[in-house]
Amino acid sequence: MPDISPSALPPVCDDRRLAHLRALEKKALWLSTWMIHNANHLRPSRDGLKVGGHQASSASMVSLMTALFFDVLRPQDRVAVKPHASPVFHAIQYLMGRQTRDKLERFRALGGAQSYPSRTKDTPDVDFSTGSVGLGVAVTAFASMVQDYVRLKGLSDQPQGRMVALVGDAEMDEGNVFEAMLEGWKHDLRNAWWIIDYNRQSLDSVVSDKLWEPITGMFRSLDWNVVIMKYGRLLEAAFREPGGDALRRWIDTCPNQLYAALCFKGGAAWRDVLIRDLGTTSGIRALLDSHDDAMLARLMTNLAGHDLPTILDTFHRAASGPDAERPACFVAYTVKGMGLPFQGHKDNHAGLMNPEQIAAFKAQCGIRDGEEWEPFAGLDVDVEDLKRFLATEVPFTATPRRRLSAATVPVPERLDVAITERMSTQEGFGKILAELAKGDTDLASRIVTTSPDVTVSTNLGAWVNRRGLFDRHERHDIFKEQKVVSAQRWQGDPQGQHIELGIAEHNLFLMLAALGLSHDLFGARLLPVGTLYDPFVMRGLDAFNYALYQDSRFMLVATPSGVTLAPEGGAHQSIATPLIGMGLPKLSSFEPAYVDELAAIMRWGFEHMQRPDGGSLYLRLSTRALTSPRRVLNTSAVIDGGYWVCPPSADTDLVIVYMGALAPEALAAHAQMLEDVPGAGLLAVTSADRLYQGWMAARRERQDGKRAVAPVEQLLSALPATARMVTVTDGHPSGLSWLGGVKGHRVAALGVETFGQSADLPDLYRTLHLDTDAIIDAAARVLLE
């Protein structure tokens with residue numbers, strides 16, 4: 001299909017509707033600008049900090065967002081708004097009656113409209129949080145894939161929606177955007193629109209000339225429908241007049257910096273330059289003479305992204321044509337700061353209108369003093385008819401609420417797994433999912449796994465063999481058909497429950513973010529489980545944080561972890577990830593040593609992911625096989641974060657504390673120390689994160705006058721104040737060293753503070769002072785202090 005030419009499209013909007021949309025466009029520009037002005041110049045400042053708000057970046061999106069929200073979008077469509085267009089979004093919600101004046105007045109203040117759209121802190125009409133540029137764009141592609149997943153499985157009866165991203169052109173510098181595009185191509189992406197605000201200015205400067213060419217080339221190569229929205233109706237009409245072809249060529253070749261500067265300087269500057277460059281071209285003088293300076297400035301800035309008829313015609317044509325489900329990229333030419341006194345100026349990104357400028361702009365908008373927040377003040381349309389239009393003729397607001405819900409999935413009392421004499425937690429994870437895959441339970445049917453090309457090496461192979469790959473089309477296992485023996489029996493079809501991704505950790509976390517919001521976006525509860533190598537959590541950390549910020553719910557299984565992945569060397573050994581698990585909100589991080597602990601954690605996790613006050617999980621697992629203990633497990637202690645393997649005596653001098661795969665070294669050191677320190681305790685930590693969060697919660701409750709004792713306080717209450725601790729973990733030592741602060745015990749903390757290296761475990765543990773001898777030496781030293 002050829003690219004759509006907006007100028008060739010038929011009109012889709014009658015005069016009355018267009019008049020209402022233009023009135024709303026005017027109000028959206030005023031309210032978004034005033035909101036920022038009020039926050040920075042009128043609202044009392046107690047700290048002297050600039051509040052900010054990006055008046056120019058908002059202004060460039062006003063026309064596009066007016067057309068979308070008041071005319072084009074349907075209730076089932078989901079939108080990620082460009083971060084710096086947040087004020088326009090809030091203004092539009094206010095005009096729709098879905099935002100309050102109080103929140104607008106408190107824009108960027110506590111309890112007010114957020115600086116960037118937030119699912120958890122703004123109105124329920126925020127579909128995707130944005131703020132970290134590029135991520136809000138890419139997540140819409142994965143949300144579209146999730147919509148296909150639930151629809152093809154019959155899990156959702158919701159109408160098929162379109163996932164829309166409003167994109168700042170500078171966001172196209174983000175590599176994760178192109179990673180997502182490639183993944184979308186692999187998975188036959190559909191029903192996605194990316195609308196690029198091509199104002200050709202970034203935070204610091206004007207972007208490179210003809211940047212649109214490599215951008216659109218990438219989209220076309222991945223089979224997107226590319227729509228160049230460059231000129232509005234006024235310019236298109238001028239191009240049909242004598243000299244019009246020359247004028248078009250001049251604009252097409254005009255450097256971005258010159259065009260932006262002329263947009264700022266205005267009609268007289270446009271006239272001087274056009275006379276200089278085109279004054280001898282037939283027809284140009286007549287064109288210029290027929291326009292005064294104000295009319296000429298309006299003509300030369302009549303880009304498609306500011307021309308409502310062009311925008312409406314383009315979007316409706318794309319939505320209803322034969323390729324309506326094909327992903328589409330709209331490159332909408334705009335002027336940064338359009339309609340404001342600093343439009344086009346290269347320094348306008350964080351610029352603010354001063355009081356004199358806002359007063360002039362208020363008069364231009366027909367707003368009287370005291371009417372600044374009135375939604376219909378200063379308009380030249382029938383206000384009552386406009387109210388009727390908003391109440392009954394805006395498709396986007398046809399349903400009272402856009403947040404959906406889904407019933408919780410029942411979780412059995414325990415997860416079955418056959419525990420052998422020696423097992424690693426990574427092996428146990430694979431066997432737990434394999435057992436689930438055998439059954440026809442609600443839980444098994446709602447689990448969806450995903451991995452960035454490490455499915456087999458993170459022990460998901462057995463699950464995929466039974467549950468299959470998800471694919472919109474039938475994909476046969478050619479190796480099987482050719483009778484080539486393989487342990488992996490992978491066939492793809494719409495009923496598969498594993499989504500295979502390429503090696504891009506950002507894509508993994510964005511896929512988990514979309515899967516974990518399926519109940520809210522599409523009314524179908526999914527329980528996502530994603531796997532990756534633990535060191536590469538940091539490669540996708542921005543998207544990981546983004547997924548949690550949206551309150552998406554998923555289980556991340558990171559394995560193998562730590563320097564225990566010894567022969568792979570420093571590039572594949574993780575050090576700081578336990579601290580990441582502790583530091584991220586809405587996340588419960590665990591590092592079990594044994595498979596029975598893991599089974600209890602996963603069972604709890606599938607419930608925790610579904611609770612209103614729950615969250616996501618991060619499991620740091622290992623390939624090191626440990627001797628499985630024979631015991632009746634204290635499940636609640638495992639979930640709380642720790643338990644006594646060997647309780648201390650009332651007068652003990654020493655406690656050894658371990659987490660994860662270093663259990664054998666801690667057990668051996670403890671056994672040897674008992675000869676010299678009878679009654680020494682051995683404490684297993686399954687979650688430093690849960691212990692720490694419980695401690696902080698109890699302290700806050702006590703500050704509020706309530707009685708509260710944290711699990712970690714209960715555990716350490718068995719120790720005399722003079723006891724010493726030795727903590728050991730396969731990660732940064734500060735992950736456990738804080739335990740000394742709970743009751744004031746002296747601590748010797750062992751862990752990893754340098755990059756690792758290739759070695760076998762005995763050599764590596766000895767070199768990094770993690771082995772049994774190092775634990776004993778640390779105990780001897782701390783006892784002498």
# chains A, B, ... in the order shown; residues from 1 in each chain; ligands from 1
$ select_by_dssp --residues "region 47-281 of chain A" --states "strand (DSSP E)" --output "list in words"
Arg78, Val79, Ala80, Met163, Val164, Ala165, Leu166, Val167, Gly168, Ala192, Trp193, Trp194, Ile195, Ile196, Asp197, Tyr198, Asn225, Val226, Val227, Ile228 and Met229 of chain A
$ residues_around --residues "Ser129 (chain A)" --least-positions-apart "5" --cutoff "6 Å" --atoms "only C-alpha atoms" --output "list of chain:residue names"
A:Pro117, A:Ser118, A:Arg119
$ residues_around --residues "Leu532 (chain A)" --least-positions-apart "4" --cutoff "10 Å" --atoms "only C-alpha atoms" --output "MDAnalysis selection string"
chainID A and resid 450:455 457:458 503 505 508 536:537 556:561
$ write_last_selection --atoms "N, CA and C atoms" --output "JSON list (two decimals), in the first residue's frame"
[["chain", "number", "residue", "atom", "x", "y", "z"],
["A", 450, "THR", "N", 7.75, -15.88, 29.21],
["A", 450, "THR", "CA", 8.46, -15.15, 28.16],
["A", 450, "THR", "C", 9.92, -15.03, 28.54],
["A", 451, "SER", "N", 10.79, -14.98, 27.53],
["A", 451, "SER", "CA", 12.22, -14.97, 27.80],
["A", 451, "SER", "C", 12.97, -14.41, 26.59],
["A", 452, "PRO", "N", 14.06, -13.68, 26.81],
["A", 452, "PRO", "CA", 14.83, -13.11, 25.70],
["A", 452, "PRO", "C", 15.89, -14.08, 25.17],
["A", 453, "ASP", "N", 15.42, -15.12, 24.50],
["A", 453, "ASP", "CA", 16.30, -16.09, 23.85],
["A", 453, "ASP", "C", 17.13, -16.92, 24.83],
["A", 454, "VAL", "N", 16.65, -17.02, 26.09],
["A", 454, "VAL", "CA", 17.32, -17.89, 27.06],
["A", 454, "VAL", "C", 16.30, -18.84, 27.68],
["A", 455, "THR", "N", 15.33, -19.23, 26.90],
["A", 455, "THR", "CA", 14.27, -20.09, 27.40],
["A", 455, "THR", "C", 14.82, -21.43, 27.89],
["A", 457, "SER", "N", 18.04, -22.30, 28.53],
["A", 457, "SER", "CA", 19.08, -22.20, 29.54],
["A", 457, "SER", "C", 18.59, -21.66, 30.87],
["A", 458, "THR", "N", 17.32, -21.23, 30.95],
["A", 458, "THR", "CA", 16.72, -20.87, 32.24],
["A", 458, "THR", "C", 15.67, -21.89, 32.67],
["A", 503, "ILE", "N", 17.15, -11.26, 21.93],
["A", 503, "ILE", "CA", 18.05, -10.90, 23.04],
["A", 503, "ILE", "C", 18.00, -9.39, 23.25],
["A", 505, "GLU", "N", 16.81, -7.16, 26.67],
["A", 505, "GLU", "CA", 16.18, -7.19, 27.99],
["A", 505, "GLU", "C", 15.13, -6.11, 28.16],
["A", 508, "LEU", "N", 11.99, -7.62, 27.14],
["A", 508, "LEU", "CA", 11.45, -8.55, 28.14],
["A", 508, "LEU", "C", 10.62, -7.80, 29.17],
["A", 536, "PHE", "N", 21.98, -9.59, 33.65],
["A", 536, "PHE", "CA", 21.43, -8.71, 32.63],
["A", 536, "PHE", "C", 20.15, -8.03, 33.06],
["A", 537, "VAL", "N", 19.79, -8.19, 34.32],
["A", 537, "VAL", "CA", 18.74, -7.33, 34.87],
["A", 537, "VAL", "C", 19.12, -5.87, 34.67],
["A", 556, "LEU", "N", 9.52, -12.27, 37.95],
["A", 556, "LEU", "CA", 10.79, -12.28, 37.23],
["A", 556, "LEU", "C", 11.70, -13.33, 37.85],
["A", 557, "VAL", "N", 12.14, -14.27, 37.03],
["A", 557, "VAL", "CA", 13.04, -15.32, 37.50],
["A", 557, "VAL", "C", 14.40, -15.07, 36.86],
["A", 558, "ALA", "N", 15.35, -14.65, 37.68],
["A", 558, "ALA", "CA", 16.68, -14.26, 37.21],
["A", 558, "ALA", "C", 17.67, -15.35, 37.59],
["A", 559, "THR", "N", 18.21, -16.02, 36.59],
["A", 559, "THR", "CA", 19.06, -17.17, 36.85],
["A", 559, "THR", "C", 19.92, -17.47, 35.63],
["A", 560, "PRO", "N", 21.17, -17.89, 35.83],
["A", 560, "PRO", "CA", 21.89, -18.05, 37.09],
["A", 560, "PRO", "C", 22.33, -16.71, 37.65],
["A", 561, "SER", "N", 22.58, -16.68, 38.95],
["A", 561, "SER", "CA", 22.90, -15.42, 39.60],
["A", 561, "SER", "C", 24.26, -15.50, 40.29]]
$ residues_around --residues "region 73-86 of chain A" --least-positions-apart "6" --cutoff "6 Å" --atoms "only C-alpha atoms" --output "MDAnalysis selection string"
chainID A and resid 57:58 116:117 127:128 130:131 136 161:167 395:396
$ residues_around --residues "region 596-607 of chain A" --least-positions-apart "5" --cutoff "7 Å" --atoms "only C-alpha atoms" --output "number ranges by chain"
A: 411, 414-415, 425, 617, 635, 638-639
$ residues_around --residues "Asp188 (chain A)" --least-positions-apart "6" --cutoff "10 Å" --atoms "only C-alpha atoms" --output "PyMOL selection string"
chain A and resi 145+222-223+326-327+471-473
$ residues_around --residues "region 359-361 of chain A" --least-positions-apart "2" --cutoff "12 Å" --atoms "only C-alpha atoms" --output "JSON, numbers by chain"
{"A": [26, 29, 30, 31, 33, 34, 37, 339, 340, 341, 342, 353, 354, 355, 356, 357, 363, 364, 365, 366, 367, 368, 369, 372, 378]}
$ atom_distance --atom1 "CA of Gly283 (chain A)" --atom2 "CA of Arg248 (chain A)"
12.9 Å
$ closest_residue --among "A:Phe239, A:Leu764, A:Asn225, A:Arg707" --to "Pro322 (chain A)" --atoms "only C-alpha atoms"
A:Asn225
$ select_by_dssp --residues "region 55-192 of chain A" --states "alpha helix (DSSP H)" --output "short mmCIF file (atom, residue, chain, number, x, y, z; two decimals) with C-alpha atoms, in the first residue's frame"
data_model
loop_
_atom_site.label_atom_id
_atom_site.label_comp_id
_atom_site.auth_asym_id
_atom_site.auth_seq_id
_atom_site.Cartn_x
_atom_site.Cartn_y
_atom_site.Cartn_z
CA GLN A 55 4.77 24.91 27.59
CA ALA A 56 6.40 24.65 24.16
CA SER A 57 6.42 20.84 23.98
CA SER A 58 2.78 20.82 25.03
CA ALA A 59 1.75 23.37 22.44
CA VAL A 62 -2.47 20.38 21.03
CA SER A 63 -4.05 19.91 17.59
CA LEU A 64 -3.10 16.24 17.30
CA MET A 65 -4.40 15.42 20.77
CA THR A 66 -7.59 17.42 20.25
CA ALA A 67 -8.39 15.44 17.12
CA SER A 86 1.14 15.87 30.02
CA PRO A 87 -0.44 19.33 30.59
CA VAL A 88 -2.45 18.97 27.38
CA PHE A 89 -3.65 15.55 28.49
CA HIS A 90 -4.78 16.95 31.86
CA ALA A 91 -6.50 19.88 30.13
CA ILE A 92 -8.37 17.54 27.79
CA GLN A 93 -9.45 15.33 30.69
CA TYR A 94 -10.69 18.47 32.46
CA LEU A 95 -12.76 19.49 29.43
CA ARG A 101 -9.82 22.05 38.72
CA ASP A 102 -8.19 21.43 42.08
CA LYS A 103 -5.76 18.96 40.52
CA LEU A 104 -4.98 21.34 37.67
CA GLU A 105 -4.23 24.10 40.16
CA LEU A 135 9.48 3.31 27.02
CA GLY A 136 5.92 4.64 26.79
CA VAL A 137 6.23 4.37 23.03
CA ALA A 138 7.52 0.81 22.94
CA VAL A 139 5.10 -0.59 25.51
CA THR A 140 2.17 0.05 23.16
CA ALA A 141 3.60 -2.50 20.72
CA PHE A 142 3.74 -5.14 23.45
CA ALA A 143 0.25 -4.21 24.66
CA SER A 144 -1.03 -4.87 21.15
CA MET A 145 0.59 -8.31 21.23
CA VAL A 146 -1.01 -9.02 24.60
CA GLN A 147 -4.40 -7.97 23.22
CA ASP A 148 -3.95 -10.56 20.46
CA TYR A 149 -2.90 -13.15 23.06
CA VAL A 150 -6.05 -12.81 25.18
CA ARG A 151 -8.42 -12.44 22.22
CA LEU A 152 -7.14 -15.47 20.33
CA GLY A 175 17.42 2.36 21.10
CA ASN A 176 14.65 0.53 22.93
CA VAL A 177 12.13 1.97 20.44
CA PHE A 178 13.84 0.20 17.55
CA GLU A 179 14.32 -2.98 19.57
CA ALA A 180 10.56 -3.03 20.11
CA MET A 181 9.88 -2.42 16.42
CA LEU A 182 11.97 -5.43 15.46
CA GLU A 183 10.21 -7.62 18.01
CA GLY A 184 6.88 -6.41 16.68
CA TRP A 185 7.87 -7.47 13.17
CA LYS A 186 8.74 -10.96 14.44
#
$ atom_distance --atom1 "CA of Asp653 (chain A)" --atom2 "CA of Ala680 (chain A)"
6.7 Å
$ closest_atom_pairs --of "region 405-466 of chain A" --to "region 509-520 of chain A" --cutoff "9 Å" --atoms "only C-alpha atoms" --output "CSV"
residue,atom,partner,partner_atom,distance
A:Ser405,CA,A:Asp520,CA,5.4
A:Ala406,CA,A:His519,CA,5.4
A:Ala407,CA,A:His519,CA,8.5
A:Val448,CA,A:Leu515,CA,8.3
A:Thr450,CA,A:Leu512,CA,8.0
$ write_last_selection --atoms "N, CA and C atoms" --output "mmCIF file, in the first residue's frame"
data_model
loop_
_atom_site.group_PDB
_atom_site.id
_atom_site.type_symbol
_atom_site.label_atom_id
_atom_site.label_comp_id
_atom_site.auth_asym_id
_atom_site.auth_seq_id
_atom_site.Cartn_x
_atom_site.Cartn_y
_atom_site.Cartn_z
ATOM 1 N N SER A 405 -11.522 -4.929 34.836
ATOM 2 C CA SER A 405 -11.154 -5.773 35.970
ATOM 3 C C SER A 405 -11.348 -7.224 35.571
ATOM 4 N N ALA A 406 -10.759 -8.115 36.331
ATOM 5 C CA ALA A 406 -10.875 -9.554 36.069
ATOM 6 C C ALA A 406 -10.813 -10.287 37.394
ATOM 7 N N ALA A 407 -11.506 -11.405 37.452
ATOM 8 C CA ALA A 407 -11.512 -12.213 38.675
ATOM 9 C C ALA A 407 -10.121 -12.763 38.938
ATOM 10 N N VAL A 448 1.637 -17.209 31.613
ATOM 11 C CA VAL A 448 2.267 -17.006 30.311
ATOM 12 C C VAL A 448 3.730 -16.703 30.574
ATOM 13 N N THR A 450 7.753 -15.877 29.211
ATOM 14 C CA THR A 450 8.458 -15.150 28.157
ATOM 15 C C THR A 450 9.922 -15.031 28.541
#
$ decode --residues "region 633-739 of chain A" --atoms "C-alpha atoms" --output "mmCIF file, in the first residue's frame"
data_model
loop_
_atom_site.group_PDB
_atom_site.id
_atom_site.type_symbol
_atom_site.label_atom_id
_atom_site.label_comp_id
_atom_site.auth_asym_id
_atom_site.auth_seq_id
_atom_site.Cartn_x
_atom_site.Cartn_y
_atom_site.Cartn_z
ATOM 1 C CA LEU A 633 9.170 -26.323 56.057
ATOM 2 C CA ASN A 634 8.005 -23.272 58.009
ATOM 3 C CA THR A 635 6.363 -21.659 54.991
ATOM 4 C CA SER A 636 5.345 -18.419 56.671
ATOM 5 C CA ALA A 637 8.911 -17.838 57.865
ATOM 6 C CA VAL A 638 10.221 -18.398 54.341
ATOM 7 C CA ILE A 639 7.779 -15.809 52.979
ATOM 8 C CA ASP A 640 8.566 -13.362 55.776
ATOM 9 C CA GLY A 641 12.210 -13.601 54.775
ATOM 10 C CA GLY A 642 14.146 -15.850 57.139
ATOM 11 C CA TYR A 643 14.257 -18.677 59.679
ATOM 12 C CA TRP A 644 16.619 -20.285 62.137
ATOM 13 C CA VAL A 645 18.369 -23.362 60.764
ATOM 14 C CA CYS A 646 20.007 -23.699 64.150
ATOM 15 C CA PRO A 647 18.522 -21.451 66.824
ATOM 16 C CA PRO A 648 21.080 -19.681 69.038
ATOM 17 C CA SER A 649 21.453 -20.283 72.724
ATOM 18 C CA ALA A 650 20.325 -17.481 75.048
ATOM 19 C CA ASP A 651 23.946 -16.488 75.776
ATOM 20 C CA THR A 652 25.537 -17.109 72.390
ATOM 21 C CA ASP A 653 28.381 -14.963 71.158
ATOM 22 C CA LEU A 654 27.974 -15.678 67.452
ATOM 23 C CA VAL A 655 25.418 -15.960 64.643
ATOM 24 C CA ILE A 656 26.192 -16.856 61.031
ATOM 25 C CA VAL A 657 23.708 -15.514 58.491
ATOM 26 C CA TYR A 658 23.591 -16.677 54.877
ATOM 27 C CA MET A 659 21.435 -16.151 51.804
ATOM 28 C CA GLY A 660 21.109 -18.310 48.708
ATOM 29 C CA ALA A 661 23.717 -20.552 47.131
ATOM 30 C CA LEU A 662 26.347 -20.032 49.847
ATOM 31 C CA ALA A 663 24.382 -22.224 52.232
ATOM 32 C CA PRO A 664 26.958 -25.095 52.166
ATOM 33 C CA GLU A 665 29.812 -22.785 53.187
ATOM 34 C CA ALA A 666 27.735 -21.276 55.966
ATOM 35 C CA LEU A 667 26.616 -24.702 57.200
ATOM 36 C CA ALA A 668 30.195 -26.002 57.219
ATOM 37 C CA ALA A 669 31.534 -22.909 58.993
ATOM 38 C CA HIS A 670 28.773 -23.089 61.581
ATOM 39 C CA ALA A 671 29.494 -26.762 62.294
ATOM 40 C CA GLN A 672 33.166 -26.008 62.857
ATOM 41 C CA MET A 673 32.493 -22.940 65.002
ATOM 42 C CA LEU A 674 30.229 -24.908 67.350
ATOM 43 C CA GLU A 675 33.351 -26.510 68.805
ATOM 44 C CA ASP A 676 34.624 -23.111 69.948
ATOM 45 C CA VAL A 677 31.363 -21.210 70.300
ATOM 46 C CA PRO A 678 28.697 -23.549 71.687
ATOM 47 C CA GLY A 679 25.211 -22.304 71.041
ATOM 48 C CA ALA A 680 26.175 -20.347 67.909
ATOM 49 C CA GLY A 681 23.150 -19.714 65.700
ATOM 50 C CA LEU A 682 22.690 -20.216 61.979
ATOM 51 C CA LEU A 683 20.129 -17.976 60.272
ATOM 52 C CA ALA A 684 18.868 -18.571 56.712
ATOM 53 C CA VAL A 685 17.641 -15.497 54.865
ATOM 54 C CA THR A 686 15.287 -16.190 51.970
ATOM 55 C CA SER A 687 14.486 -12.527 51.377
ATOM 56 C CA ALA A 688 16.585 -9.682 52.702
ATOM 57 C CA ASP A 689 14.055 -7.441 50.974
ATOM 58 C CA ARG A 690 11.040 -8.805 52.873
ATOM 59 C CA LEU A 691 12.887 -8.682 56.188
ATOM 60 C CA TYR A 692 13.966 -5.098 55.592
ATOM 61 C CA GLN A 693 10.551 -3.910 54.383
ATOM 62 C CA GLY A 694 8.896 -5.572 57.357
ATOM 63 C CA TRP A 695 11.305 -3.811 59.706
ATOM 64 C CA MET A 696 10.626 -0.406 58.126
ATOM 65 C CA ALA A 697 6.857 -0.984 58.230
ATOM 66 C CA ALA A 698 6.963 -1.891 61.929
ATOM 67 C CA ARG A 699 9.010 1.203 62.731
ATOM 68 C CA ARG A 700 6.494 3.441 60.942
ATOM 69 C CA GLU A 701 3.621 1.836 62.839
ATOM 70 C CA ARG A 702 5.376 2.415 66.148
ATOM 71 C CA GLN A 703 5.924 6.041 65.214
ATOM 72 C CA ASP A 704 2.154 6.263 64.785
ATOM 73 C CA GLY A 705 1.644 4.913 68.298
ATOM 74 C CA LYS A 706 0.771 1.353 67.279
ATOM 75 C CA ARG A 707 2.259 -1.851 68.617
ATOM 76 C CA ALA A 708 4.222 -3.708 65.972
ATOM 77 C CA VAL A 709 7.064 -6.225 65.871
ATOM 78 C CA ALA A 710 8.721 -7.067 62.564
ATOM 79 C CA PRO A 711 9.664 -10.663 61.645
ATOM 80 C CA VAL A 712 13.343 -9.733 61.666
ATOM 81 C CA GLU A 713 12.967 -8.262 65.147
ATOM 82 C CA GLN A 714 11.344 -11.478 66.335
ATOM 83 C CA LEU A 715 14.174 -13.513 64.821
ATOM 84 C CA LEU A 716 16.930 -11.429 66.422
ATOM 85 C CA SER A 717 15.190 -11.082 69.770
ATOM 86 C CA ALA A 718 16.726 -14.447 70.640
ATOM 87 C CA LEU A 719 20.213 -12.885 70.635
ATOM 88 C CA PRO A 720 21.954 -11.184 73.520
ATOM 89 C CA ALA A 721 23.121 -7.656 72.785
ATOM 90 C CA THR A 722 26.763 -8.795 72.889
ATOM 91 C CA ALA A 723 26.377 -11.376 70.125
ATOM 92 C CA ARG A 724 28.318 -10.905 66.889
ATOM 93 C CA MET A 725 27.080 -11.600 63.350
ATOM 94 C CA VAL A 726 28.853 -12.842 60.266
ATOM 95 C CA THR A 727 26.733 -12.375 57.133
ATOM 96 C CA VAL A 728 27.597 -13.960 53.795
ATOM 97 C CA THR A 729 25.877 -13.500 50.452
ATOM 98 C CA ASP A 730 26.714 -13.983 46.784
ATOM 99 C CA GLY A 731 26.306 -10.301 46.043
ATOM 100 C CA HIS A 732 27.215 -6.973 47.573
ATOM 101 C CA PRO A 733 27.740 -7.388 51.348
ATOM 102 C CA SER A 734 25.471 -4.444 52.185
ATOM 103 C CA GLY A 735 22.539 -6.637 51.166
ATOM 104 C CA LEU A 736 22.769 -8.285 54.624
ATOM 105 C CA SER A 737 25.017 -5.997 56.658
ATOM 106 C CA TRP A 738 22.036 -3.826 57.671
ATOM 107 C CA LEU A 739 20.909 -6.638 59.979
#
